[in-house]
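One file, model_11.cif, is given below (mmCIF, N, CA and C atoms).
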```
data_upload
loop_
_atom_site.label_atom_id
_atom_site.label_comp_id
_atom_site.auth_asym_id
_atom_site.auth_seq_id
_atom_site.Cartn_x
_atom_site.Cartn_y
_atom_site.Cartn_z
N MET A 1 25.49 104.48 135.44
CA MET A 1 26.15 104.42 136.72
C MET A 1 25.36 105.22 137.75
N ALA A 2 24.66 104.57 138.59
CA ALA A 2 23.79 105.25 139.55
C ALA A 2 24.57 106.14 140.51
N LEU A 3 25.70 105.68 141.01
CA LEU A 3 26.49 106.48 141.95
C LEU A 3 26.89 107.81 141.33
N GLN A 4 27.47 107.76 140.16
CA GLN A 4 27.92 108.97 139.48
C GLN A 4 26.75 109.90 139.20
N ASP A 5 25.64 109.36 138.73
CA ASP A 5 24.45 110.17 138.45
C ASP A 5 23.92 110.84 139.71
N ASP A 6 23.91 110.10 140.82
CA ASP A 6 23.41 110.65 142.08
C ASP A 6 24.32 111.74 142.62
N ILE A 7 25.62 111.57 142.49
CA ILE A 7 26.58 112.59 142.94
C ILE A 7 26.41 113.86 142.10
N VAL A 8 26.33 113.69 140.79
CA VAL A 8 26.15 114.86 139.90
C VAL A 8 24.85 115.58 140.24
N ALA A 9 23.77 114.84 140.43
CA ALA A 9 22.48 115.46 140.76
C ALA A 9 22.56 116.22 142.09
N ALA A 10 23.23 115.66 143.09
CA ALA A 10 23.37 116.34 144.38
C ALA A 10 24.19 117.62 144.24
N LEU A 11 25.24 117.58 143.45
CA LEU A 11 26.06 118.78 143.26
C LEU A 11 25.30 119.83 142.44
N GLN A 12 24.59 119.41 141.42
CA GLN A 12 23.83 120.35 140.58
C GLN A 12 22.70 121.01 141.37
N ALA A 13 22.19 120.35 142.39
CA ALA A 13 21.07 120.88 143.18
C ALA A 13 21.49 121.98 144.15
N ASP A 14 22.79 122.15 144.36
CA ASP A 14 23.26 123.15 145.31
C ASP A 14 23.42 124.51 144.62
N ALA A 15 22.65 125.49 145.05
CA ALA A 15 22.65 126.82 144.42
C ALA A 15 24.00 127.52 144.56
N THR A 16 24.66 127.36 145.70
CA THR A 16 25.96 128.00 145.90
C THR A 16 26.98 127.46 144.91
N LEU A 17 27.02 126.13 144.75
CA LEU A 17 27.96 125.52 143.82
C LEU A 17 27.61 125.90 142.38
N ALA A 18 26.34 125.91 142.06
CA ALA A 18 25.92 126.31 140.71
C ALA A 18 26.37 127.73 140.39
N GLY A 19 26.32 128.61 141.39
CA GLY A 19 26.79 129.98 141.19
C GLY A 19 28.29 130.07 140.94
N LEU A 20 29.04 129.18 141.57
CA LEU A 20 30.50 129.14 141.38
C LEU A 20 30.89 128.51 140.05
N LEU A 21 30.05 127.62 139.52
CA LEU A 21 30.36 126.86 138.31
C LEU A 21 29.34 127.12 137.21
N PRO A 22 29.35 128.33 136.62
CA PRO A 22 28.36 128.64 135.58
C PRO A 22 28.49 127.77 134.33
N GLY A 23 29.64 127.11 134.16
CA GLY A 23 29.84 126.22 133.02
C GLY A 23 29.20 124.85 133.23
N GLY A 24 28.73 124.57 134.46
CA GLY A 24 27.99 123.34 134.72
C GLY A 24 28.79 122.26 135.42
N ILE A 25 28.08 121.19 135.74
CA ILE A 25 28.62 120.00 136.39
C ILE A 25 28.22 118.81 135.52
N TYR A 26 29.20 118.01 135.10
CA TYR A 26 28.96 116.98 134.09
C TYR A 26 29.43 115.61 134.55
N ASP A 27 28.80 114.59 133.98
CA ASP A 27 29.27 113.22 134.15
C ASP A 27 29.63 112.64 132.79
N ALA A 28 30.19 113.45 131.95
CA ALA A 28 30.59 113.05 130.60
C ALA A 28 31.94 112.33 130.63
N VAL A 29 32.36 111.86 129.48
CA VAL A 29 33.67 111.22 129.35
C VAL A 29 34.77 112.25 129.52
N GLU A 30 34.54 113.44 128.97
CA GLU A 30 35.52 114.54 129.07
C GLU A 30 34.81 115.86 128.80
N ILE A 31 35.46 116.94 129.17
CA ILE A 31 34.99 118.27 128.80
C ILE A 31 35.64 118.58 127.46
N SER A 32 34.83 118.85 126.45
CA SER A 32 35.36 119.05 125.11
C SER A 32 34.56 120.11 124.35
N ARG A 33 35.26 120.92 123.60
CA ARG A 33 34.61 121.94 122.78
C ARG A 33 33.77 121.32 121.66
N THR A 34 34.10 120.09 121.28
CA THR A 34 33.41 119.45 120.16
C THR A 34 32.26 118.54 120.59
N SER A 35 32.09 118.35 121.91
CA SER A 35 31.03 117.47 122.39
C SER A 35 29.77 118.26 122.71
N PRO A 36 28.64 117.89 122.12
CA PRO A 36 27.38 118.57 122.44
C PRO A 36 27.00 118.39 123.91
N GLU A 37 27.46 117.29 124.51
CA GLU A 37 27.19 117.00 125.92
C GLU A 37 27.72 118.07 126.88
N THR A 38 28.87 118.64 126.51
CA THR A 38 29.51 119.61 127.40
C THR A 38 29.63 121.01 126.78
N ALA A 39 28.78 121.30 125.82
CA ALA A 39 28.82 122.60 125.14
C ALA A 39 28.63 123.75 126.12
N GLY A 40 27.85 123.55 127.18
CA GLY A 40 27.61 124.60 128.16
C GLY A 40 28.81 124.97 129.00
N ALA A 41 29.88 124.19 128.89
CA ALA A 41 31.10 124.47 129.65
C ALA A 41 31.92 125.60 129.02
N PHE A 42 31.48 126.09 127.86
CA PHE A 42 32.25 127.09 127.12
C PHE A 42 31.39 128.32 126.82
N ASP A 43 32.05 129.47 126.78
CA ASP A 43 31.33 130.70 126.44
C ASP A 43 31.20 130.83 124.92
N GLU A 44 30.64 131.93 124.45
CA GLU A 44 30.41 132.13 123.02
C GLU A 44 31.69 132.21 122.20
N ASN A 45 32.83 132.45 122.88
CA ASN A 45 34.12 132.50 122.19
C ASN A 45 34.88 131.17 122.28
N GLY A 46 34.24 130.16 122.85
CA GLY A 46 34.89 128.86 122.98
C GLY A 46 35.84 128.76 124.15
N GLU A 47 35.80 129.75 125.06
CA GLU A 47 36.66 129.72 126.25
C GLU A 47 35.93 128.99 127.37
N ILE A 48 36.67 128.20 128.12
CA ILE A 48 36.07 127.41 129.18
C ILE A 48 35.59 128.29 130.32
N LEU A 49 34.41 127.97 130.83
CA LEU A 49 33.85 128.62 132.01
C LEU A 49 34.17 127.75 133.23
N PRO A 50 34.14 128.29 134.43
CA PRO A 50 34.33 127.43 135.60
C PRO A 50 33.30 126.30 135.58
N CYS A 51 33.79 125.06 135.62
CA CYS A 51 32.91 123.90 135.52
C CYS A 51 33.55 122.70 136.22
N CYS A 52 32.79 121.61 136.28
CA CYS A 52 33.25 120.40 136.97
C CYS A 52 32.88 119.16 136.18
N LEU A 53 33.80 118.22 136.12
CA LEU A 53 33.58 116.90 135.52
C LEU A 53 33.69 115.87 136.64
N VAL A 54 32.69 115.01 136.78
CA VAL A 54 32.65 113.98 137.83
C VAL A 54 32.85 112.62 137.18
N LYS A 55 33.81 111.84 137.72
CA LYS A 55 34.06 110.50 137.19
C LYS A 55 34.31 109.52 138.33
N VAL A 56 33.76 108.32 138.20
CA VAL A 56 34.12 107.23 139.10
C VAL A 56 35.34 106.56 138.46
N GLU A 57 36.46 106.52 139.22
CA GLU A 57 37.71 106.02 138.65
C GLU A 57 37.88 104.51 138.81
N THR A 58 37.87 104.03 140.04
CA THR A 58 38.13 102.61 140.28
C THR A 58 37.17 102.07 141.32
N GLN A 59 37.05 100.75 141.33
CA GLN A 59 36.22 100.07 142.31
C GLN A 59 36.97 98.83 142.77
N THR A 60 37.09 98.67 144.09
CA THR A 60 37.75 97.50 144.65
C THR A 60 36.88 96.89 145.74
N THR A 61 37.09 95.62 146.00
CA THR A 61 36.37 94.93 147.06
C THR A 61 37.04 95.22 148.40
N ILE A 62 36.23 95.34 149.42
CA ILE A 62 36.74 95.54 150.77
C ILE A 62 36.68 94.20 151.50
N ALA A 63 37.82 93.66 151.81
CA ALA A 63 37.86 92.39 152.55
C ALA A 63 37.48 92.65 154.00
N PRO A 64 36.84 91.76 154.67
CA PRO A 64 36.41 90.43 154.24
C PRO A 64 35.00 90.42 153.65
N TYR A 65 34.46 91.56 153.33
CA TYR A 65 33.08 91.64 152.87
C TYR A 65 33.00 91.46 151.36
N GLU A 66 32.35 90.40 150.92
CA GLU A 66 32.26 90.12 149.49
C GLU A 66 31.47 91.17 148.74
N ARG A 67 30.50 91.77 149.39
CA ARG A 67 29.65 92.75 148.72
C ARG A 67 30.04 94.19 149.02
N GLY A 68 31.06 94.39 149.82
CA GLY A 68 31.51 95.75 150.11
C GLY A 68 32.45 96.25 149.03
N SER A 69 32.39 97.53 148.73
CA SER A 69 33.31 98.07 147.73
C SER A 69 33.81 99.45 148.14
N ARG A 70 34.98 99.75 147.65
CA ARG A 70 35.59 101.07 147.80
C ARG A 70 35.72 101.61 146.38
N GLU A 71 35.09 102.74 146.14
CA GLU A 71 35.15 103.37 144.82
C GLU A 71 35.78 104.75 144.98
N TYR A 72 36.54 105.14 143.99
CA TYR A 72 37.15 106.47 144.01
C TYR A 72 36.48 107.36 143.00
N LEU A 73 36.11 108.51 143.48
CA LEU A 73 35.39 109.51 142.71
C LEU A 73 36.34 110.67 142.45
N ALA A 74 36.50 111.06 141.20
CA ALA A 74 37.38 112.17 140.84
C ALA A 74 36.53 113.33 140.35
N LEU A 75 36.84 114.52 140.85
CA LEU A 75 36.15 115.74 140.43
C LEU A 75 37.19 116.68 139.83
N TYR A 76 37.05 116.93 138.54
CA TYR A 76 37.95 117.81 137.81
C TYR A 76 37.29 119.18 137.72
N LEU A 77 37.94 120.18 138.30
CA LEU A 77 37.40 121.54 138.32
C LEU A 77 38.25 122.42 137.41
N TYR A 78 37.60 123.05 136.44
CA TYR A 78 38.29 123.84 135.42
C TYR A 78 37.90 125.32 135.51
N GLN A 79 38.87 126.17 135.16
CA GLN A 79 38.60 127.60 134.97
C GLN A 79 39.67 128.14 134.04
N ARG A 80 39.33 129.13 133.25
CA ARG A 80 40.24 129.65 132.21
C ARG A 80 41.56 130.14 132.78
N PHE A 81 41.52 131.08 133.71
CA PHE A 81 42.74 131.63 134.31
C PHE A 81 42.59 131.64 135.82
N GLY A 82 43.69 131.43 136.52
CA GLY A 82 43.67 131.48 137.98
C GLY A 82 42.99 130.28 138.60
N TYR A 83 42.88 130.32 139.93
CA TYR A 83 42.35 129.18 140.66
C TYR A 83 41.32 129.57 141.71
N ASP A 84 41.05 130.86 141.86
CA ASP A 84 40.20 131.32 142.96
C ASP A 84 38.81 130.69 142.94
N THR A 85 38.15 130.69 141.81
CA THR A 85 36.79 130.17 141.73
C THR A 85 36.75 128.66 141.94
N ILE A 86 37.66 127.94 141.29
CA ILE A 86 37.61 126.48 141.43
C ILE A 86 38.11 126.01 142.80
N ARG A 87 38.95 126.78 143.45
CA ARG A 87 39.29 126.45 144.84
C ARG A 87 38.06 126.60 145.74
N ASP A 88 37.31 127.69 145.54
CA ASP A 88 36.08 127.88 146.30
C ASP A 88 35.08 126.75 146.01
N ALA A 89 34.99 126.34 144.74
CA ALA A 89 34.10 125.24 144.37
C ALA A 89 34.55 123.93 145.02
N ALA A 90 35.86 123.69 145.06
CA ALA A 90 36.37 122.47 145.71
C ALA A 90 36.03 122.47 147.19
N ASP A 91 36.12 123.63 147.83
CA ASP A 91 35.75 123.74 149.25
C ASP A 91 34.25 123.46 149.44
N ARG A 92 33.43 123.97 148.55
CA ARG A 92 31.99 123.74 148.64
C ARG A 92 31.66 122.26 148.41
N ILE A 93 32.32 121.65 147.46
CA ILE A 93 32.11 120.23 147.20
C ILE A 93 32.50 119.41 148.42
N PHE A 94 33.59 119.79 149.09
CA PHE A 94 33.98 119.11 150.32
C PHE A 94 32.84 119.15 151.33
N ASP A 95 32.24 120.34 151.50
CA ASP A 95 31.11 120.47 152.44
C ASP A 95 29.92 119.59 152.03
N LEU A 96 29.71 119.44 150.74
CA LEU A 96 28.56 118.67 150.25
C LEU A 96 28.78 117.16 150.27
N LEU A 97 30.02 116.71 150.13
CA LEU A 97 30.28 115.28 149.99
C LEU A 97 30.94 114.60 151.20
N ASN A 98 31.88 115.28 151.84
CA ASN A 98 32.66 114.61 152.88
C ASN A 98 31.79 114.16 154.05
N ARG A 99 31.92 112.88 154.38
CA ARG A 99 31.19 112.23 155.49
C ARG A 99 29.69 112.15 155.24
N LYS A 100 29.29 112.15 153.96
CA LYS A 100 27.87 112.08 153.60
C LYS A 100 27.53 110.71 153.04
N LYS A 101 26.23 110.45 152.95
CA LYS A 101 25.69 109.22 152.36
C LYS A 101 24.79 109.62 151.21
N ILE A 102 25.35 109.63 150.02
CA ILE A 102 24.59 109.99 148.82
C ILE A 102 24.58 108.77 147.91
N SER A 103 23.45 108.39 147.40
CA SER A 103 23.24 107.27 146.50
C SER A 103 22.90 106.01 147.28
N ALA A 104 22.37 105.03 146.56
CA ALA A 104 21.93 103.78 147.18
C ALA A 104 23.10 102.99 147.75
N ASN A 105 22.89 102.46 148.93
CA ASN A 105 23.84 101.57 149.60
C ASN A 105 25.18 102.21 149.95
N VAL A 106 25.27 103.53 149.95
CA VAL A 106 26.52 104.19 150.32
C VAL A 106 26.61 104.27 151.84
N TRP A 107 27.73 103.79 152.35
CA TRP A 107 27.97 103.88 153.79
C TRP A 107 28.52 105.26 154.12
N GLU A 108 29.50 105.70 153.33
CA GLU A 108 30.09 107.01 153.59
C GLU A 108 30.95 107.45 152.40
N ILE A 109 30.98 108.75 152.18
CA ILE A 109 31.88 109.37 151.21
C ILE A 109 32.91 110.14 152.01
N ARG A 110 34.18 109.93 151.70
CA ARG A 110 35.26 110.61 152.44
C ARG A 110 36.23 111.28 151.48
N TYR A 111 36.63 112.48 151.84
CA TYR A 111 37.67 113.18 151.09
C TYR A 111 38.94 112.33 151.11
N ALA A 112 39.60 112.17 149.97
CA ALA A 112 40.82 111.35 149.90
C ALA A 112 42.05 112.18 149.58
N SER A 113 41.99 113.02 148.53
CA SER A 113 43.18 113.78 148.14
C SER A 113 42.83 114.88 147.14
N SER A 114 43.80 115.75 146.93
CA SER A 114 43.66 116.82 145.93
C SER A 114 44.97 117.01 145.18
N THR A 115 44.83 117.46 143.97
CA THR A 115 45.97 117.92 143.20
C THR A 115 45.66 119.37 142.84
N PRO A 116 46.07 120.29 143.69
CA PRO A 116 45.69 121.69 143.47
C PRO A 116 46.59 122.40 142.45
N ASP A 117 46.04 123.41 141.86
CA ASP A 117 46.79 124.35 141.03
C ASP A 117 47.65 123.69 139.95
N THR A 118 47.00 122.91 139.10
CA THR A 118 47.69 122.34 137.96
C THR A 118 47.07 122.92 136.68
N ARG A 119 47.55 122.46 135.54
CA ARG A 119 47.05 122.94 134.25
C ARG A 119 46.53 121.78 133.43
N ASP A 120 45.51 122.04 132.65
CA ASP A 120 45.04 121.09 131.66
C ASP A 120 45.51 121.65 130.32
N ASP A 121 46.52 121.02 129.75
CA ASP A 121 47.10 121.53 128.51
C ASP A 121 46.16 121.42 127.32
N ALA A 122 45.34 120.37 127.28
CA ALA A 122 44.43 120.19 126.15
C ALA A 122 43.39 121.30 126.09
N LEU A 123 42.88 121.70 127.26
CA LEU A 123 41.88 122.78 127.30
C LEU A 123 42.52 124.15 127.53
N ASP A 124 43.82 124.16 127.79
CA ASP A 124 44.56 125.39 128.06
C ASP A 124 43.90 126.18 129.18
N CYS A 125 43.79 125.53 130.35
CA CYS A 125 43.12 126.18 131.48
C CYS A 125 43.66 125.66 132.81
N SER A 126 43.23 126.30 133.87
CA SER A 126 43.59 125.89 135.23
C SER A 126 42.74 124.69 135.63
N LEU A 127 43.32 123.83 136.47
CA LEU A 127 42.66 122.61 136.89
C LEU A 127 42.95 122.32 138.36
N VAL A 128 41.92 121.99 139.11
CA VAL A 128 42.04 121.45 140.46
C VAL A 128 41.35 120.09 140.42
N LEU A 129 42.03 119.05 140.91
CA LEU A 129 41.48 117.71 140.94
C LEU A 129 41.29 117.29 142.39
N SER A 130 40.06 116.90 142.73
CA SER A 130 39.76 116.40 144.08
C SER A 130 39.26 114.97 143.96
N ARG A 131 39.72 114.12 144.90
CA ARG A 131 39.28 112.73 144.91
C ARG A 131 38.59 112.40 146.23
N TYR A 132 37.56 111.55 146.11
CA TYR A 132 36.81 111.09 147.27
C TYR A 132 36.72 109.57 147.23
N GLU A 133 36.74 108.98 148.40
CA GLU A 133 36.58 107.54 148.55
C GLU A 133 35.14 107.27 148.95
N VAL A 134 34.48 106.37 148.23
CA VAL A 134 33.09 106.03 148.51
C VAL A 134 33.06 104.58 148.99
N ILE A 135 32.56 104.38 150.21
CA ILE A 135 32.43 103.04 150.77
C ILE A 135 30.97 102.67 150.66
N ARG A 136 30.69 101.52 149.99
CA ARG A 136 29.30 101.14 149.83
C ARG A 136 29.15 99.63 149.66
N HIS A 137 27.90 99.20 149.78
CA HIS A 137 27.52 97.81 149.58
C HIS A 137 27.04 97.66 148.15
N ARG A 138 27.63 96.73 147.41
CA ARG A 138 27.23 96.52 146.00
C ARG A 138 26.09 95.56 145.90
#
```
Show the structure stored in the file as structure tokens.
Amino acid sequence: MALQDDIVAALQADATLAGLLPGGIYDAVEISRTSPETAGAFDENGEILPCCLVKVETQTTIAPYERGSREYLALYLYQRFGYDTIRDAADRIFDLLNRKKISANVWEIRYASSTPDTRDDALDCSLVLSRYEVIRHR
């Protein structure tokens, strides 16, 4: 998925965001203690570090343009306790993505919504979810 890869690369290239998310930025299926893909998201005790998972959720056609699409990008931000670091990371991601053109044929990326201050029960950690709408030509 070129869009997802390009978004992850753009986020990973930002030193400020990298400093906020020492556990990394991933385009994996999930953040998991058992996945070698996301092993860096955990410390030596198996506790989650502040990190981000990027996923493209859905893609729809924009009428009347046959080749236009609207895609939704979800960014899952995790931290063991509290929300201070991942809120700051969500703010930085907003600065990096909102109203930008990242990846081939992207017209614009726009902030869509957030689900702040929730919990991920499987990882037993804090979670902030941010969504962006990507308008592009397929």
Practice prompt. Might you spell out which residues the PyMOL selection byres ((chain A and resi 48-59) around 5) would select in the displayed file, as a PyMOL selection string?
Written response: chain A and resi 21-27+41-43+46-47+60-61+70-80
Fill in: Protein and nucleic acid residues near (31.6, 105.7, 156.1) (cut-off 8 Å, all atoms listed in the file) as a PyMOL selection string
chain A and resi 99-101+106-110+134-136
Worksheet item: Could you write out, as JSON, numbers by chain, all the residues of region 45-121 of chain A that DSSP marks as strand (DSSP E or B)?
Response: {"A": [48, 51, 52, 53, 54, 55, 56, 57, 58, 59, 60, 61, 68, 69, 70, 71, 72, 73, 74, 75, 76, 77, 78, 79, 100, 106, 107, 108, 109, 110, 111, 112, 113, 114, 115, 116, 117, 118, 119, 120]}
Discussion item. Could you check the closest approach to Ala2 (chain A) for each of A:Ser126, A:Ser103, A:Ser114, A:Thr38 and tell me which residue wins, using all atoms listed in the file?
Written reply: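 Closest residue, counting all atoms listed in the file: A:Ser103.
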Worksheet entry | Members of chain A assigned helix (DSSP H, G or I) by DSSP, as a ChimeraX atom specification | /A:2-12,15-20,36-41,84-97
Fill in: Top pick for closest residue to Leu96 (chain A), considering A:Glu44, A:Cys125, A:Thr16, A:Ala39 and counting only C-alpha atoms
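Looking at the shortest contact to Leu96 (chain A), the residue is A:Thr16.
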